[in-house]
file final23.txt (compact mmCIF, C-alpha atoms)
# COMPACT_ATOMS: atom_id res chain seq x y z
CA MET C 1 22.34 -24.60 -2.82
CA THR C 2 20.93 -21.23 -3.90
CA THR C 3 20.44 -18.20 -1.67
CA LEU C 4 16.69 -18.81 -1.46
CA ASP C 5 17.20 -22.51 -0.76
CA GLU C 6 19.59 -21.68 2.10
CA LEU C 7 17.12 -19.17 3.49
CA ALA C 8 14.25 -21.65 3.09
CA HIS C 9 16.23 -24.23 5.04
CA GLU C 10 16.72 -21.72 7.88
CA LEU C 11 13.00 -20.91 7.86
CA THR C 12 11.93 -24.56 7.58
CA THR C 13 9.99 -23.90 4.41
CA SER C 14 10.68 -24.94 0.83
CA GLY C 15 12.88 -23.17 -1.68
CA ARG C 16 9.96 -23.37 -4.09
CA THR C 17 7.78 -21.39 -1.66
CA LEU C 18 10.38 -18.62 -1.40
CA ARG C 19 10.98 -18.59 -5.17
CA ARG C 20 7.24 -18.09 -5.70
CA ALA C 21 7.27 -15.30 -3.11
CA ALA C 22 10.18 -13.66 -4.93
CA LEU C 23 8.45 -13.96 -8.32
CA ARG C 24 5.25 -12.51 -6.87
CA GLY C 25 7.06 -9.61 -5.18
CA THR C 26 6.59 -10.62 -1.55
CA ILE C 27 10.36 -10.99 -1.30
CA ARG C 28 12.53 -8.36 -3.01
CA SER C 29 15.18 -9.94 -5.16
CA THR C 30 17.15 -9.60 -8.35
CA ARG C 31 17.53 -12.30 -10.98
CA PRO C 32 20.98 -12.46 -12.55
CA SER C 33 19.77 -15.50 -14.52
CA PRO C 34 16.45 -17.29 -15.01
CA ARG C 35 17.37 -19.86 -12.34
CA ARG C 36 19.01 -17.60 -9.75
CA PHE C 37 17.62 -15.13 -7.26
CA GLU C 38 19.81 -12.80 -5.25
CA LEU C 39 18.79 -11.01 -2.07
CA GLU C 40 20.60 -8.15 -0.40
CA TRP C 41 21.59 -8.80 3.21
CA ARG C 42 18.89 -6.41 4.46
CA GLU C 43 16.22 -8.34 2.60
CA ARG C 44 17.52 -11.63 3.97
CA ALA C 45 17.30 -10.17 7.48
CA TYR C 46 13.78 -8.88 6.75
CA VAL C 47 12.60 -12.29 5.51
CA ARG C 48 14.16 -14.07 8.50
CA GLY C 49 12.30 -11.78 10.88
CA HIS C 50 9.01 -11.50 9.01
CA TRP C 51 8.45 -14.82 7.25
CA PRO C 52 6.17 -16.26 9.97
CA LEU C 53 3.91 -13.20 9.67
CA LEU C 54 4.07 -13.13 5.86
CA GLY C 55 3.32 -16.86 5.73
CA ARG C 56 0.19 -16.46 7.86
CA MET C 57 -0.98 -13.54 5.74
CA LEU C 58 -0.37 -15.52 2.56
CA GLN C 59 -2.43 -18.43 3.89
CA VAL C 60 -5.38 -16.12 4.50
CA VAL C 61 -5.36 -14.20 1.20
CA ARG C 62 -4.65 -17.25 -0.96
CA THR C 63 -7.77 -18.97 0.36
CA GLN C 64 -10.05 -16.03 -0.46
CA PRO C 65 -10.64 -15.99 -4.23
CA ASN C 66 -12.57 -12.72 -3.96
CA VAL C 67 -9.28 -11.04 -2.98
CA ARG C 68 -7.87 -10.24 -6.41
CA LEU C 69 -4.98 -8.06 -5.18
CA ALA C 70 -3.42 -7.81 -1.72
CA VAL C 71 -0.26 -5.80 -1.11
CA LEU C 72 1.34 -5.23 2.28
CA PHE C 73 2.74 -1.70 2.59
CA GLY C 74 3.72 0.69 5.36
CA SER C 75 5.99 0.13 8.33
CA VAL C 76 5.69 -3.67 8.42
CA SER C 77 6.59 -3.97 4.73
CA ARG C 78 9.63 -1.74 5.29
CA GLY C 79 10.65 -3.59 8.44
CA ASP C 80 10.64 -0.50 10.67
CA GLU C 81 7.45 -1.30 12.58
CA ARG C 82 6.88 -1.17 16.32
CA ALA C 83 5.32 -3.98 18.34
CA ASP C 84 1.92 -2.27 18.13
CA SER C 85 2.08 -1.37 14.42
CA ASP C 86 -0.90 -2.33 12.32
CA LEU C 87 -0.81 -4.13 8.99
CA ASP C 88 -1.52 -1.82 6.05
CA LEU C 89 -2.99 -3.62 3.04
CA LEU C 90 -3.86 -2.37 -0.42
CA VAL C 91 -6.66 -4.64 -1.66
CA ARG C 92 -8.91 -5.11 -4.65
CA PHE C 93 -11.88 -7.41 -4.31
CA GLY C 94 -13.49 -9.13 -7.28
CA ASP C 95 -16.87 -8.47 -5.72
CA PRO C 96 -16.42 -5.58 -3.28
CA SER C 97 -18.72 -5.54 -0.27
CA VAL C 98 -18.66 -4.73 3.41
CA HIS C 99 -18.92 -8.46 4.06
CA ALA C 100 -15.84 -9.23 1.93
CA LEU C 101 -13.87 -6.52 3.69
CA SER C 102 -14.89 -7.58 7.20
CA LEU C 103 -14.22 -11.25 6.39
CA LEU C 104 -10.69 -10.46 5.20
CA VAL C 105 -9.90 -8.14 8.10
CA GLY C 106 -11.31 -10.60 10.64
CA ARG C 107 -9.32 -13.55 9.30
CA LEU C 108 -6.09 -11.55 9.06
CA GLU C 109 -6.45 -10.09 12.55
CA GLU C 110 -7.17 -13.55 13.94
CA GLU C 111 -4.15 -15.12 12.21
CA THR C 112 -1.67 -12.32 12.89
CA ASN C 113 -2.82 -10.87 16.23
CA ARG C 114 -2.46 -7.39 14.73
CA THR C 115 -4.87 -4.66 13.74
CA VAL C 116 -5.40 -4.61 9.96
CA GLN C 117 -6.00 -1.41 7.99
CA VAL C 118 -7.32 -2.05 4.48
CA VAL C 119 -7.25 0.52 1.70
CA GLU C 120 -9.22 -0.53 -1.34
CA LEU C 121 -7.48 0.04 -4.66
CA GLU C 122 -10.31 2.27 -5.91
CA THR C 123 -9.72 4.60 -2.95
CA ALA C 124 -5.94 4.55 -3.40
CA LEU C 125 -6.28 5.48 -7.08
CA ARG C 126 -7.72 8.82 -5.90
CA SER C 127 -4.78 9.42 -3.53
CA PRO C 128 -1.48 9.59 -5.41
CA LEU C 129 0.56 10.03 -2.20
CA LEU C 130 -0.85 6.82 -0.75
CA LEU C 131 -0.50 4.92 -4.00
CA ALA C 132 3.11 6.09 -4.45
CA GLU C 133 3.91 4.85 -0.93
CA ALA C 134 2.33 1.48 -1.67
CA LEU C 135 4.31 1.18 -4.91
CA ARG C 136 7.55 2.11 -3.15
CA ASP C 137 7.15 -0.16 -0.11
CA GLY C 138 4.67 -2.79 -1.26
CA ARG C 139 5.07 -6.52 -0.90
CA VAL C 140 2.63 -8.40 -3.10
CA LEU C 141 0.78 -11.17 -1.32
CA VAL C 142 -1.59 -12.01 -4.17
CA ASP C 143 -2.16 -10.52 -7.63
CA ARG C 144 -4.58 -12.67 -9.56
CA ASP C 145 -5.25 -10.20 -12.39
CA ASP C 146 -1.87 -8.45 -12.88
CA ASP C 147 -3.12 -5.25 -11.21
CA TRP C 148 0.26 -4.68 -9.57
CA ARG C 149 2.14 -4.95 -12.85
CA THR C 150 -0.26 -2.41 -14.36
CA LEU C 151 0.30 -0.02 -11.44
CA ALA C 152 4.07 -0.50 -11.60
CA GLY C 153 3.93 0.41 -15.29
CA ARG C 154 2.34 3.73 -14.30
CA GLU C 155 4.71 4.38 -11.38
CA ALA C 156 6.43 7.43 -12.92
CA ARG C 157 3.07 9.08 -13.57
CA ILE C 158 1.80 8.18 -10.09
CA ASN C 159 4.98 9.57 -8.48
CA ALA C 160 4.61 12.82 -10.45
CA ALA C 161 1.00 13.14 -9.29
CA ALA C 162 2.08 12.40 -5.70
CA GLU C 163 4.76 15.09 -5.88
CA ALA C 164 2.20 17.59 -7.19
CA GLU C 165 -0.25 16.63 -4.43
CA ASP C 166 2.50 17.01 -1.82
CA GLU C 167 3.35 20.48 -3.15
CA ARG C 168 -0.31 21.50 -3.10
CA LEU C 169 -0.77 20.29 0.47
CA THR C 170 2.43 22.02 1.58
CA ASP C 171 1.27 25.28 -0.01
CA GLU C 172 -2.15 24.98 1.67
CA LEU C 173 -0.51 24.33 5.04
CA ALA C 174 1.86 27.28 4.63
CA ALA C 175 -1.07 29.54 3.72
CA ALA C 176 -3.03 28.34 6.75
CA PHE C 177 -0.08 29.03 9.08
CA GLU C 178 0.44 32.43 7.52
CA GLU C 179 -3.22 33.24 8.06
CA LEU C 180 -3.02 32.13 11.70
CA PHE C 181 0.06 34.16 12.55
CA VAL C 182 -0.53 37.35 10.57

call {"tool": "encode", "arguments": {"input": "final23.txt", "output": "structure tokens"}}
result
Amino acid sequence: MTTLDELAHELTTSGRTLRRAALRGTIRSTRPSPRRFELEWRERAYVRGHWPLLGRMLQVVRTQPNVRLAVLFGSVSRGDERADSDLDLLVRFGDPSVHALSLLVGRLEEETNRTVQVVELETALRSPLLLAEALRDGRVLVDRDDDWRTLAGREARINAAAEAEDERLTDELAAAFEELFV
């Protein structure tokens, strides 16, 4: 029995479901061979504690074809959330609209009993700090058009832009403090 099969048995789901989640990037794993997935102990603990939530989120986004990309990021994706933490989602809609956004948020909030904060990909592309965080912490729920793979291929460039933005903001903050106290 493989690591994912053992974990699936514990979670009363199928090994196939967890393998798909690992291939998609919902579960973080390494692949020493085409047929084997390995998970670090921390990731196993994360999946044990978060699979019910992830499963409900997956059910919602998989049934909405207009959701082309959905990535969980932030405290829940890292596993360091509080009981009142919201769900942060990076999303791209095939046909973006207020209706599509409210439908997704409504369904997710109903299924998870948590507040949902959605950042559309177009917005995130203008915020390198946010995009770098999503790339670092993200757990892919759905990626119908390989958007995530494209972003991951630009990760070094995005991280460099995030570092530059962080420096700029730090300099602006330092200048503002200096102006206040001089």

call {"tool": "residues_around", "arguments": {"input": "final23.txt", "residues": "Asp145 of chain C", "least_positions_apart": "3", "cutoff": "9 Å", "atoms": "all atoms listed in the file", "output": "ChimeraX atom specification"}}
result
/C:68-69,148

call {"tool": "closest_residue", "arguments": {"input": "final23.txt", "among": "C:Leu169, C:Leu39, C:Val116, C:Leu89", "to": "Leu18 of chain C", "atoms": "all atoms listed in the file"}}
result
C:Leu39

call {"tool": "closest_residue", "arguments": {"input": "final23.txt", "among": "C:Val119, C:Val71, C:Leu104, C:Ala83", "to": "Arg136 of chain C", "atoms": "only C-alpha atoms"}}
result
C:Val71

call {"tool": "closest_residue", "arguments": {"input": "final23.txt", "among": "C:Thr170, C:Thr17, C:Thr115, C:Asn66", "to": "Ala100 of chain C", "atoms": "all atoms listed in the file"}}
result
C:Asn66

call {"tool": "axis_aligned_box", "arguments": {"input": "final23.txt", "around": "segment 102-107 of chain C", "padding_each_side": "6 Å", "output": "AutoDock Vina command-line options"}}
result
--center_x -12.1 --center_y -10.6 --center_z 7.9 --size_x 17.6 --size_y 18.0 --size_z 17.4
